[in-house]
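Structure file entry-v1.csv (CSV, C-alpha atoms) is printed below.
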```
chain,number,residue,atom,x,y,z
A,1,MET,CA,-26.6,6.8,-24.4
A,2,MET,CA,-28.5,4.2,-26.5
A,3,PHE,CA,-27.4,0.7,-27.4
A,4,LEU,CA,-29.1,-2.3,-28.9
A,5,VAL,CA,-29.6,-5.5,-26.9
A,6,TYR,CA,-30.5,-8.8,-28.6
A,7,ARG,CA,-30.3,-12.5,-27.8
A,8,ILE,CA,-27.9,-14.9,-29.5
A,9,GLY,CA,-28.5,-18.6,-30.1
A,10,ILE,CA,-26.0,-20.7,-31.9
A,11,LEU,CA,-26.2,-24.3,-33.3
A,12,ASP,CA,-23.0,-26.2,-33.1
A,13,ALA,CA,-21.7,-28.8,-35.6
A,14,ILE,CA,-24.1,-31.5,-34.3
A,15,GLY,CA,-27.1,-29.4,-33.9
A,16,ARG,CA,-27.0,-28.5,-30.2
A,17,CYS,CA,-28.1,-25.0,-29.3
A,18,HIS,CA,-25.8,-22.9,-27.2
A,19,SER,CA,-27.4,-19.8,-25.7
A,20,ALA,CA,-25.4,-16.7,-24.8
A,21,GLU,CA,-26.2,-13.6,-22.7
A,22,TYR,CA,-27.9,-10.8,-24.5
A,23,SER,CA,-25.5,-9.2,-26.9
A,24,ILE,CA,-25.1,-5.5,-26.2
A,25,GLY,CA,-24.6,-3.3,-29.3
A,26,GLY,CA,-22.6,-0.1,-29.2
A,27,MET,CA,-20.6,-1.2,-26.1
A,28,PHE,CA,-17.4,-3.2,-25.5
A,29,LEU,CA,-15.1,-4.3,-22.7
A,30,ARG,CA,-11.9,-2.3,-23.0
A,31,GLY,CA,-8.4,-3.5,-22.1
A,32,HIS,CA,-9.1,-7.2,-21.4
A,33,ALA,CA,-8.6,-8.9,-24.8
A,34,PHE,CA,-6.1,-11.7,-24.7
A,35,LYS,CA,-6.5,-12.9,-28.3
A,36,THR,CA,-7.8,-11.2,-31.5
A,37,TYR,CA,-9.0,-13.0,-34.6
A,38,ARG,CA,-10.3,-11.9,-38.0
A,39,VAL,CA,-13.4,-14.0,-38.7
A,40,GLY,CA,-16.0,-14.4,-41.4
A,41,HIS,CA,-19.1,-14.1,-39.3
A,42,PRO,CA,-20.1,-13.1,-35.7
A,43,VAL,CA,-21.0,-16.7,-35.0
A,44,ASP,CA,-17.3,-17.6,-35.5
A,45,CYS,CA,-16.4,-15.2,-32.7
A,46,TYR,CA,-18.7,-17.1,-30.3
A,47,LEU,CA,-17.1,-20.4,-31.4
A,48,LYS,CA,-13.6,-19.0,-30.9
A,49,CYS,CA,-14.5,-18.0,-27.3
A,50,PHE,CA,-16.0,-21.4,-26.6
A,51,GLU,CA,-12.7,-23.0,-27.6
A,52,GLU,CA,-10.7,-21.0,-25.1
A,53,LEU,CA,-10.7,-22.1,-21.5
A,54,ILE,CA,-10.2,-18.7,-20.1
A,55,CYS,CA,-12.6,-16.8,-22.4
A,56,GLN,CA,-15.1,-14.9,-20.3
A,57,SER,CA,-16.7,-12.7,-23.0
A,58,TYR,CA,-16.0,-11.2,-26.4
A,59,ASN,CA,-16.2,-8.0,-28.4
A,60,PHE,CA,-17.0,-8.1,-32.1
A,61,VAL,CA,-15.9,-5.2,-34.4
A,62,ARG,CA,-18.4,-4.6,-37.1
A,63,GLY,CA,-17.1,-3.9,-40.6
A,64,GLN,CA,-13.7,-5.3,-39.8
A,65,TYR,CA,-15.0,-8.6,-38.6
A,66,LEU,CA,-12.5,-8.6,-35.7
A,67,CYS,CA,-13.2,-10.9,-32.8
A,68,GLU,CA,-11.6,-9.8,-29.4
A,69,LEU,CA,-11.7,-12.5,-26.7
A,70,ASN,CA,-11.7,-11.2,-23.2
A,71,ASN,CA,-10.5,-12.8,-19.9
A,72,ARG,CA,-13.0,-10.7,-17.9
A,73,THR,CA,-16.7,-9.8,-18.0
A,74,LYS,CA,-18.4,-6.4,-17.7
A,75,GLU,CA,-19.5,-7.5,-14.2
A,76,ALA,CA,-15.9,-8.0,-13.1
A,77,ARG,CA,-14.8,-4.7,-14.7
A,78,PRO,CA,-17.7,-2.3,-15.0
A,79,GLU,CA,-15.4,0.7,-15.2
A,80,ASP,CA,-14.0,-0.7,-18.5
A,81,PHE,CA,-17.4,-1.3,-20.1
A,82,VAL,CA,-17.5,1.6,-22.5
A,83,SER,CA,-19.3,2.8,-25.7
A,84,ASP,CA,-18.2,2.2,-29.3
A,85,TRP,CA,-20.8,2.2,-32.0
A,86,LYS,CA,-18.6,-0.1,-34.2
A,87,ARG,CA,-18.6,-3.0,-31.6
A,88,PHE,CA,-20.9,-5.2,-29.7
A,89,TYR,CA,-20.3,-7.3,-26.5
A,90,VAL,CA,-21.3,-10.8,-25.5
A,91,LYS,CA,-20.8,-12.6,-22.2
A,92,ARG,CA,-20.0,-16.3,-22.4
A,93,VAL,CA,-22.5,-18.4,-20.5
A,94,THR,CA,-22.0,-22.0,-21.6
A,95,LYS,CA,-19.2,-23.7,-19.7
A,96,ARG,CA,-17.7,-20.4,-18.6
A,97,VAL,CA,-15.0,-21.0,-16.0
A,98,PRO,CA,-15.7,-18.8,-12.9
A,99,LEU,CA,-13.0,-16.2,-12.3
A,100,GLY,CA,-10.2,-17.3,-10.0
A,101,THR,CA,-11.1,-21.0,-9.9
A,102,ILE,CA,-8.2,-22.1,-12.0
A,103,GLY,CA,-4.5,-21.0,-12.0
A,104,GLU,CA,-4.8,-19.9,-15.7
A,105,LEU,CA,-7.5,-17.3,-14.8
A,106,PRO,CA,-6.3,-15.5,-11.6
A,107,ALA,CA,-8.2,-12.5,-10.2
A,108,GLN,CA,-6.8,-9.2,-8.9
A,109,SER,CA,-8.7,-9.6,-5.6
A,110,PHE,CA,-11.6,-11.5,-4.1
A,111,SER,CA,-13.7,-8.3,-4.5
A,112,GLU,CA,-13.2,-8.7,-8.3
A,113,ILE,CA,-14.4,-12.4,-8.0
A,114,ALA,CA,-17.4,-11.4,-6.1
A,115,ALA,CA,-18.3,-8.7,-8.7
A,116,SER,CA,-17.8,-11.2,-11.5
A,117,GLU,CA,-19.7,-14.2,-10.1
A,118,GLY,CA,-22.3,-12.5,-7.8
A,119,ASN,CA,-24.5,-15.0,-6.0
A,120,GLU,CA,-22.5,-17.9,-7.4
A,121,THR,CA,-19.5,-16.9,-5.2
A,122,VAL,CA,-18.7,-19.5,-2.5
A,123,ASN,CA,-16.2,-19.5,0.4
A,124,ARG,CA,-13.2,-21.5,-0.9
A,125,LYS,CA,-9.7,-21.2,-2.2
A,126,TYR,CA,-9.2,-19.0,-5.3
A,127,TRP,CA,-6.3,-18.1,-7.5
A,128,ILE,CA,-5.3,-14.4,-7.2
A,129,TYR,CA,-2.4,-12.2,-8.2
A,130,SER,CA,-0.2,-11.5,-5.2
A,131,ASP,CA,2.1,-8.9,-6.7
A,132,GLY,CA,0.8,-7.0,-9.7
A,133,ASN,CA,0.4,-9.4,-12.5
A,134,SER,CA,3.7,-11.3,-11.9
A,135,GLU,CA,3.0,-13.8,-9.1
A,136,VAL,CA,-0.1,-16.0,-8.6
A,137,ILE,CA,-1.1,-17.6,-5.3
A,138,GLU,CA,-4.0,-19.7,-4.1
A,139,ALA,CA,-5.7,-18.0,-1.1
A,140,TYR,CA,-8.8,-18.9,1.0
A,141,CYS,CA,-11.5,-16.2,0.5
A,142,GLU,CA,-14.7,-15.7,2.5
A,143,ASP,CA,-17.2,-13.1,1.4
A,144,HIS,CA,-14.8,-10.2,0.6
A,145,TRP,CA,-12.2,-11.3,3.0
A,146,GLN,CA,-8.9,-13.0,2.0
A,147,LYS,CA,-7.2,-15.2,4.6
A,148,ILE,CA,-3.6,-14.1,5.2
A,149,ASN,CA,-2.1,-16.8,7.5
A,150,GLY,CA,-2.0,-20.5,6.6
A,151,LYS,CA,-3.1,-23.4,8.7
A,152,GLU,CA,-1.2,-22.2,11.7
A,153,PRO,CA,-2.8,-19.3,13.7
A,154,VAL,CA,-1.0,-16.2,14.7
A,155,CYS,CA,-0.6,-15.9,18.4
A,156,PHE,CA,0.2,-12.9,20.6
A,157,GLY,CA,1.0,-12.6,24.3
A,158,THR,CA,0.7,-9.7,26.8
A,159,LYS,CA,4.1,-8.7,27.9
A,160,ASN,CA,7.9,-8.5,27.0
A,161,ASN,CA,7.3,-7.7,23.4
A,162,ASP,CA,5.4,-11.0,22.8
A,163,TYR,CA,3.7,-9.8,19.5
A,164,GLY,CA,2.4,-12.1,16.8
A,165,ALA,CA,4.0,-11.6,13.4
A,166,PHE,CA,2.6,-12.4,10.0
A,167,ASN,CA,3.4,-11.6,6.4
A,168,MET,CA,1.1,-10.2,3.8
A,169,THR,CA,0.6,-12.5,0.9
A,170,LYS,CA,-0.6,-10.0,-1.7
A,171,SER,CA,0.4,-6.4,-2.7
A,172,GLY,CA,-2.4,-3.9,-2.8
A,173,ARG,CA,-4.5,-1.4,-0.9
A,174,VAL,CA,-6.3,-2.8,2.2
A,175,LYS,CA,-9.6,-1.3,3.4
A,176,THR,CA,-9.6,-3.1,6.7
A,177,MET,CA,-8.7,-6.3,8.4
A,178,LYS,CA,-10.3,-8.7,10.9
A,179,LEU,CA,-9.0,-11.2,13.5
A,180,VAL,CA,-10.9,-14.5,14.1
A,181,HIS,CA,-10.4,-16.1,17.5
A,182,ARG,CA,-9.0,-19.6,17.3
A,183,SER,CA,-7.9,-20.3,20.9
A,184,GLY,CA,-6.5,-18.9,24.1
A,185,SER,CA,-7.2,-15.7,26.1
A,186,VAL,CA,-5.3,-12.8,27.7
A,187,HIS,CA,-5.3,-11.4,31.3
A,188,CYS,CA,-4.3,-8.0,32.4
A,189,HIS,CA,-3.9,-9.1,36.0
A,190,PRO,CA,-3.9,-12.5,37.8
A,191,SER,CA,-7.1,-11.5,39.7
A,192,THR,CA,-9.1,-10.7,36.6
A,193,GLY,CA,-10.8,-13.1,34.2
A,194,GLY,CA,-9.5,-13.8,30.7
A,195,SER,CA,-10.7,-12.3,27.4
A,196,TYR,CA,-9.8,-12.6,23.8
A,197,TRP,CA,-9.0,-8.9,23.0
A,198,GLY,CA,-8.5,-6.8,26.1
A,199,CYS,CA,-8.7,-6.5,29.9
A,200,THR,CA,-11.7,-7.5,32.1
A,201,ASN,CA,-10.7,-5.0,34.8
A,202,LEU,CA,-13.8,-2.8,35.3
A,203,ALA,CA,-11.6,0.3,34.9
A,204,TYR,CA,-11.4,-0.5,31.2
A,205,LYS,CA,-15.1,-1.2,30.8
A,206,ASP,CA,-15.5,-2.9,27.4
A,207,ASN,CA,-12.5,-1.3,25.7
A,208,LEU,CA,-10.3,-3.4,23.6
A,209,MET,CA,-6.5,-3.7,23.5
A,210,THR,CA,-5.6,-5.7,20.4
A,211,PHE,CA,-3.8,-3.9,17.6
A,212,ILE,CA,-2.4,-4.5,14.1
A,213,THR,CA,0.8,-2.6,13.5
A,214,ASP,CA,3.6,-2.4,11.0
A,215,ASP,CA,7.0,-3.7,11.9
A,216,LYS,CA,7.9,-0.4,13.5
A,217,LYS,CA,5.1,-0.7,16.0
A,218,ASN,CA,3.0,2.0,14.3
A,219,ALA,CA,-0.7,1.4,14.9
A,220,ILE,CA,-2.5,0.6,11.6
A,221,LEU,CA,-5.7,-0.8,12.9
A,222,PRO,CA,-7.3,0.9,14.6
A,223,PRO,CA,-5.5,4.1,13.5
A,224,ALA,CA,-3.9,6.2,16.2
A,225,GLU,CA,-6.6,8.9,16.0
A,226,ASN,CA,-9.2,6.4,17.2
A,227,LEU,CA,-7.3,5.5,20.4
A,228,THR,CA,-8.2,6.5,23.9
A,229,LYS,CA,-5.5,8.2,26.1
A,230,ALA,CA,-4.7,6.4,29.3
A,231,GLY,CA,-4.0,8.1,32.7
A,232,SER,CA,-0.7,9.4,34.1
A,233,GLU,CA,0.4,5.9,35.3
A,234,CYS,CA,1.2,5.1,31.6
A,235,GLY,CA,2.3,8.6,30.7
A,236,PHE,CA,-1.0,9.3,29.0
A,237,LYS,CA,-0.1,6.8,26.2
A,238,LYS,CA,-2.9,5.6,24.0
A,239,TYR,CA,-3.4,1.8,24.1
A,240,PHE,CA,-7.1,1.0,24.1
A,241,TYR,CA,-10.2,1.8,22.1
A,242,SER,CA,-13.9,1.0,21.6
A,243,LEU,CA,-15.3,-0.7,18.5
A,244,ASP,CA,-19.0,-0.8,17.7
A,245,GLY,CA,-20.2,-4.4,17.4
A,246,SER,CA,-17.1,-5.9,19.1
A,247,SER,CA,-16.7,-6.9,22.8
A,248,LEU,CA,-13.9,-8.4,24.8
A,249,ASN,CA,-15.0,-12.0,23.8
A,250,SER,CA,-16.4,-11.5,20.3
A,251,SER,CA,-15.5,-14.4,18.1
A,252,GLU,CA,-14.3,-11.9,15.5
A,253,LEU,CA,-12.6,-8.5,15.9
A,254,VAL,CA,-13.6,-6.6,12.8
A,255,PHE,CA,-11.9,-3.2,12.4
A,256,ARG,CA,-13.7,-0.2,10.9
A,257,ASN,CA,-13.1,0.5,7.2
A,258,LEU,CA,-10.3,3.1,6.8
A,259,SER,CA,-11.2,6.3,5.0
A,260,ASN,CA,-7.8,6.1,3.4
A,261,PRO,CA,-6.8,2.4,2.7
A,262,PHE,CA,-3.2,1.5,3.4
A,263,SER,CA,-0.8,0.1,0.9
A,264,VAL,CA,1.0,-3.2,1.6
A,265,SER,CA,3.5,-5.2,-0.4
A,266,ARG,CA,3.8,-9.0,-0.7
A,267,SER,CA,5.8,-10.5,2.2
A,268,GLN,CA,5.6,-7.3,4.2
A,269,GLU,CA,5.6,-8.1,7.9
A,270,MET,CA,2.7,-6.9,10.1
A,271,GLN,CA,2.3,-7.5,13.8
A,272,ILE,CA,-0.5,-8.1,16.4
A,273,TRP,CA,0.1,-6.5,19.8
A,274,TYR,CA,-1.6,-6.4,23.2
A,275,GLY,CA,-2.0,-2.8,24.1
A,276,GLN,CA,-0.1,-2.7,27.4
A,277,ASP,CA,2.7,-4.7,25.8
A,278,LEU,CA,2.8,-2.3,22.8
A,279,VAL,CA,3.4,0.8,25.0
A,280,ASP,CA,5.4,-1.1,27.7
A,281,CYS,CA,3.1,0.0,30.5
A,282,SER,CA,1.4,-1.9,33.4
A,283,GLU,CA,2.3,-5.3,31.9
A,284,ASP,CA,4.3,-7.1,34.6
A,285,ASN,CA,1.2,-9.0,35.9
A,286,ASN,CA,-0.2,-9.8,32.5
A,287,LYS,CA,-0.4,-13.4,31.3
A,288,GLY,CA,-1.9,-15.5,28.6
A,289,LYS,CA,-1.9,-15.7,24.8
A,290,THR,CA,-4.6,-15.4,22.1
A,291,CYS,CA,-4.3,-17.2,18.8
A,292,VAL,CA,-6.1,-15.9,15.7
A,293,ASP,CA,-6.7,-16.2,11.9
A,294,VAL,CA,-6.0,-13.0,10.0
A,295,TYR,CA,-8.1,-11.7,7.2
A,296,ALA,CA,-7.7,-8.6,4.9
A,297,TRP,CA,-10.2,-6.8,2.7
A,298,TYR,CA,-8.4,-5.5,-0.4
A,299,GLU,CA,-9.9,-2.9,-2.7
```
So, in terms of structure tokens, how does the structure I just supplied come out?
Amino acid sequence: MMFLVYRIGILDAIGRCHSAEYSIGGMFLRGHAFKTYRVGHPVDCYLKCFEELICQSYNFVRGQYLCELNNRTKEARPEDFVSDWKRFYVKRVTKRVPLGTIGELPAQSFSEIAASEGNETVNRKYWIYSDGNSEVIEAYCEDHWQKINGKEPVCFGTKNNDYGAFNMTKSGRVKTMKLVHRSGSVHCHPSTGGSYWGCTNLAYKDNLMTFITDDKKNAILPPAENLTKAGSECGFKKYFYSLDGSSLNSSELVFRNLSNPFSVSRSQEMQIWYGQDLVDCSEDNNKGKTCVDVYAWYE
């Protein structure tokens, strides 16, 4: 495939030069136009984009003099950057509003923001869609992670169904999740020391016992196939596991990426369980509570 690339420079009404990214001929961004104009000259298309707060880029249709203003860039949506010999594409540079930084320009996910803004992405609150394109929320994002709980941490205990509940804030497919320790510790026996995520009894070595489940107590992270079967004292139930890069007192518990991301809906309840409490086994002498922040990585 061949396409032409050239630089655009434009003088405004008082003689200031505005520079735009290289125009790319024979290509356009499909499916993200929010306004279309018929104009007299390609320069008019640039000026139309400059007037619109949410304009991220534009397509120009040669011959028809149509100007298509986009609310995304090719970086945000590379799968929609396609060929058309009649069009050319230009990304707005001057005073472009970064994706997700205002409520009028929400992103589908923080992964889309990272793709759009690259090295300019910072850890902060962003505006994202929470349920398709109908609801918009402001969520704290860090790298590719979206924080799920608010100011208050989610806390889970060690016995008597003392799980920690939280609700997903966005519908979508989740690749993995992580828990960030805020306070507290758990004990599997009064004679053992505390840890953030498991049991310091030597019999368990460095295995972990902290799970994320759905509201039916089905293990989501880690998935059931990654769990280790216990002995006969617990009926050979599976309630602990190993995780590369994580130990009993790691500041973060980062689960492995799922080969098949799981779907969640906005407001869906999820739970955090201590392993022995989850399977109702060997929990009588347990004590303590761990409090965490919850993060999800959406596709």
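Closest approach to Thr192 in chain A among A:Lys287, A:Arg77, A:Lys86, A:Lys95 is made by A:Lys287 (distances from all atoms listed in the file).
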Polymer residues at most 10 Å from (6.5, -6.3, 28.7) by only C-alpha atoms, as an NGL selection string: :A and (157-162 or 274 or 276-286)
Please, which residues are within 12 Å of (-6.7, -7.8, 0.7) by the file's coordinates, counting all atoms listed in the file, and could they come as a PyMOL selection string? chain A and resi 107-112+128-131+139-148+168-178+261-266+294-299
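Pairwise distance (CA of Ser134 in chain A, CA of Phe28 in chain A) equals 26.4 Å.
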Can you pull out every residue within 10 Å of range 194-204 of chain A, counting only C-alpha atoms, but drop anything in the same chain fewer than 2 positions away, and send it as an NGL selection string? :A and (158 or 179-192 or 206-211 or 230 or 240-241 or 246-253 or 273-276 or 286-292)
For each of A:Asp44, A:Glu79, A:Glu152, A:Glu117, take the minimum atom-to-atom distance to Tyr65 in chain A, counting all atoms listed in the file, then give the residue where this is smallest. A:Asp44
Quick one: of A:Thr73, A:Gln64, A:Ser83, A:Asn260, who's nearest to Ala33 in chain A, counting only C-alpha atoms?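 Nearest candidate to Ala33 in chain A out of A:Thr73, A:Gln64, A:Ser83, A:Asn260: A:Thr73.
Picture a line from CA of Gln56 in chain A to CA of Lys74 in chain A; it runs 9.5 Å.
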Reconstructed all heavy atoms for range 26-37 of chain A, given as an mmCIF file, in the coordinates of the input:
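Output contents, as saved in part34.cif:
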```cif
data_model
loop_
_atom_site.group_PDB
_atom_site.id
_atom_site.type_symbol
_atom_site.label_atom_id
_atom_site.label_comp_id
_atom_site.auth_asym_id
_atom_site.auth_seq_id
_atom_site.Cartn_x
_atom_site.Cartn_y
_atom_site.Cartn_z
ATOM 1 N N GLY A 26 -23.095 -1.420 -29.488
ATOM 2 C CA GLY A 26 -22.600 -0.100 -29.200
ATOM 3 C C GLY A 26 -21.768 -0.018 -27.903
ATOM 4 O O GLY A 26 -21.437 1.064 -27.430
ATOM 5 N N MET A 27 -21.424 -1.181 -27.323
ATOM 6 C CA MET A 27 -20.600 -1.200 -26.100
ATOM 7 C C MET A 27 -19.551 -2.320 -26.261
ATOM 8 O O MET A 27 -19.721 -3.271 -27.030
ATOM 9 C CB MET A 27 -21.495 -1.557 -24.887
ATOM 10 C CG MET A 27 -22.605 -0.570 -24.611
ATOM 11 S SD MET A 27 -22.002 1.046 -24.041
ATOM 12 C CE MET A 27 -21.401 0.634 -22.394
ATOM 13 N N PHE A 28 -18.455 -2.160 -25.521
ATOM 14 C CA PHE A 28 -17.400 -3.200 -25.500
ATOM 15 C C PHE A 28 -16.651 -3.141 -24.212
ATOM 16 O O PHE A 28 -16.688 -2.132 -23.491
ATOM 17 C CB PHE A 28 -16.517 -3.105 -26.731
ATOM 18 C CG PHE A 28 -15.403 -2.092 -26.615
ATOM 19 C CD1 PHE A 28 -14.076 -2.490 -26.485
ATOM 20 C CD2 PHE A 28 -15.677 -0.729 -26.652
ATOM 21 C CE1 PHE A 28 -13.053 -1.565 -26.384
ATOM 22 C CE2 PHE A 28 -14.655 0.209 -26.567
ATOM 23 C CZ PHE A 28 -13.334 -0.207 -26.424
ATOM 24 N N LEU A 29 -15.941 -4.224 -23.902
ATOM 25 C CA LEU A 29 -15.100 -4.300 -22.700
ATOM 26 C C LEU A 29 -13.672 -3.926 -23.135
ATOM 27 O O LEU A 29 -13.054 -4.638 -23.918
ATOM 28 C CB LEU A 29 -15.135 -5.680 -22.094
ATOM 29 C CG LEU A 29 -14.500 -5.815 -20.702
ATOM 30 C CD1 LEU A 29 -15.250 -4.967 -19.677
ATOM 31 C CD2 LEU A 29 -14.457 -7.259 -20.250
ATOM 32 N N ARG A 30 -13.181 -2.843 -22.586
ATOM 33 C CA ARG A 30 -11.900 -2.300 -23.000
ATOM 34 C C ARG A 30 -10.754 -2.830 -22.151
ATOM 35 O O ARG A 30 -10.842 -2.897 -20.926
ATOM 36 C CB ARG A 30 -11.948 -0.762 -22.854
ATOM 37 C CG ARG A 30 -10.652 -0.026 -23.174
ATOM 38 C CD ARG A 30 -10.814 1.459 -22.914
ATOM 39 N NE ARG A 30 -11.205 1.721 -21.528
ATOM 40 C CZ ARG A 30 -11.703 2.879 -21.115
ATOM 41 N NH1 ARG A 30 -11.914 3.865 -21.966
ATOM 42 N NH2 ARG A 30 -12.005 3.046 -19.832
ATOM 43 N N GLY A 31 -9.661 -3.227 -22.838
ATOM 44 C CA GLY A 31 -8.400 -3.500 -22.100
ATOM 45 C C GLY A 31 -8.272 -4.925 -21.579
ATOM 46 O O GLY A 31 -7.341 -5.165 -20.804
ATOM 47 N N HIS A 32 -9.151 -5.857 -21.945
ATOM 48 C CA HIS A 32 -9.100 -7.200 -21.400
ATOM 49 C C HIS A 32 -9.006 -8.296 -22.451
ATOM 50 O O HIS A 32 -9.209 -9.472 -22.133
ATOM 51 C CB HIS A 32 -10.223 -7.441 -20.423
ATOM 52 C CG HIS A 32 -10.232 -6.505 -19.260
ATOM 53 N ND1 HIS A 32 -9.369 -6.641 -18.188
ATOM 54 C CD2 HIS A 32 -10.956 -5.379 -19.030
ATOM 55 C CE1 HIS A 32 -9.582 -5.650 -17.336
ATOM 56 N NE2 HIS A 32 -10.534 -4.873 -17.817
ATOM 57 N N ALA A 33 -8.724 -7.912 -23.693
ATOM 58 C CA ALA A 33 -8.600 -8.900 -24.800
ATOM 59 C C ALA A 33 -7.278 -9.627 -24.673
ATOM 60 O O ALA A 33 -6.227 -9.003 -24.536
ATOM 61 C CB ALA A 33 -8.757 -8.213 -26.121
ATOM 62 N N PHE A 34 -7.327 -10.957 -24.709
ATOM 63 C CA PHE A 34 -6.100 -11.700 -24.700
ATOM 64 C C PHE A 34 -5.779 -12.365 -26.031
ATOM 65 O O PHE A 34 -4.652 -12.800 -26.276
ATOM 66 C CB PHE A 34 -6.142 -12.824 -23.599
ATOM 67 C CG PHE A 34 -7.176 -13.893 -23.820
ATOM 68 C CD1 PHE A 34 -6.855 -15.068 -24.473
ATOM 69 C CD2 PHE A 34 -8.476 -13.713 -23.386
ATOM 70 C CE1 PHE A 34 -7.795 -16.073 -24.681
ATOM 71 C CE2 PHE A 34 -9.430 -14.702 -23.582
ATOM 72 C CZ PHE A 34 -9.093 -15.883 -24.232
ATOM 73 N N LYS A 35 -6.773 -12.401 -26.926
ATOM 74 C CA LYS A 35 -6.500 -12.900 -28.300
ATOM 75 C C LYS A 35 -7.485 -12.114 -29.230
ATOM 76 O O LYS A 35 -8.619 -11.784 -28.851
ATOM 77 C CB LYS A 35 -6.799 -14.371 -28.434
ATOM 78 C CG LYS A 35 -5.696 -15.260 -27.911
ATOM 79 C CD LYS A 35 -5.937 -16.729 -28.242
ATOM 80 C CE LYS A 35 -4.803 -17.602 -27.719
ATOM 81 N NZ LYS A 35 -5.027 -19.048 -28.035
ATOM 82 N N THR A 36 -7.010 -11.855 -30.458
ATOM 83 C CA THR A 36 -7.800 -11.200 -31.500
ATOM 84 C C THR A 36 -7.751 -12.002 -32.772
ATOM 85 O O THR A 36 -6.659 -12.418 -33.181
ATOM 86 C CB THR A 36 -7.321 -9.756 -31.729
ATOM 87 O OG1 THR A 36 -7.397 -9.010 -30.513
ATOM 88 C CG2 THR A 36 -8.172 -9.070 -32.798
ATOM 89 N N TYR A 37 -8.912 -12.228 -33.382
ATOM 90 C CA TYR A 37 -9.000 -13.000 -34.600
ATOM 91 C C TYR A 37 -9.773 -12.163 -35.662
ATOM 92 O O TYR A 37 -10.648 -11.364 -35.301
ATOM 93 C CB TYR A 37 -9.764 -14.300 -34.430
ATOM 94 C CG TYR A 37 -9.106 -15.303 -33.512
ATOM 95 C CD1 TYR A 37 -9.463 -15.380 -32.170
ATOM 96 C CD2 TYR A 37 -8.145 -16.189 -33.997
ATOM 97 C CE1 TYR A 37 -8.880 -16.324 -31.324
ATOM 98 C CE2 TYR A 37 -7.557 -17.128 -33.165
ATOM 99 C CZ TYR A 37 -7.931 -17.189 -31.828
ATOM 100 O OH TYR A 37 -7.354 -18.113 -31.000
#
```
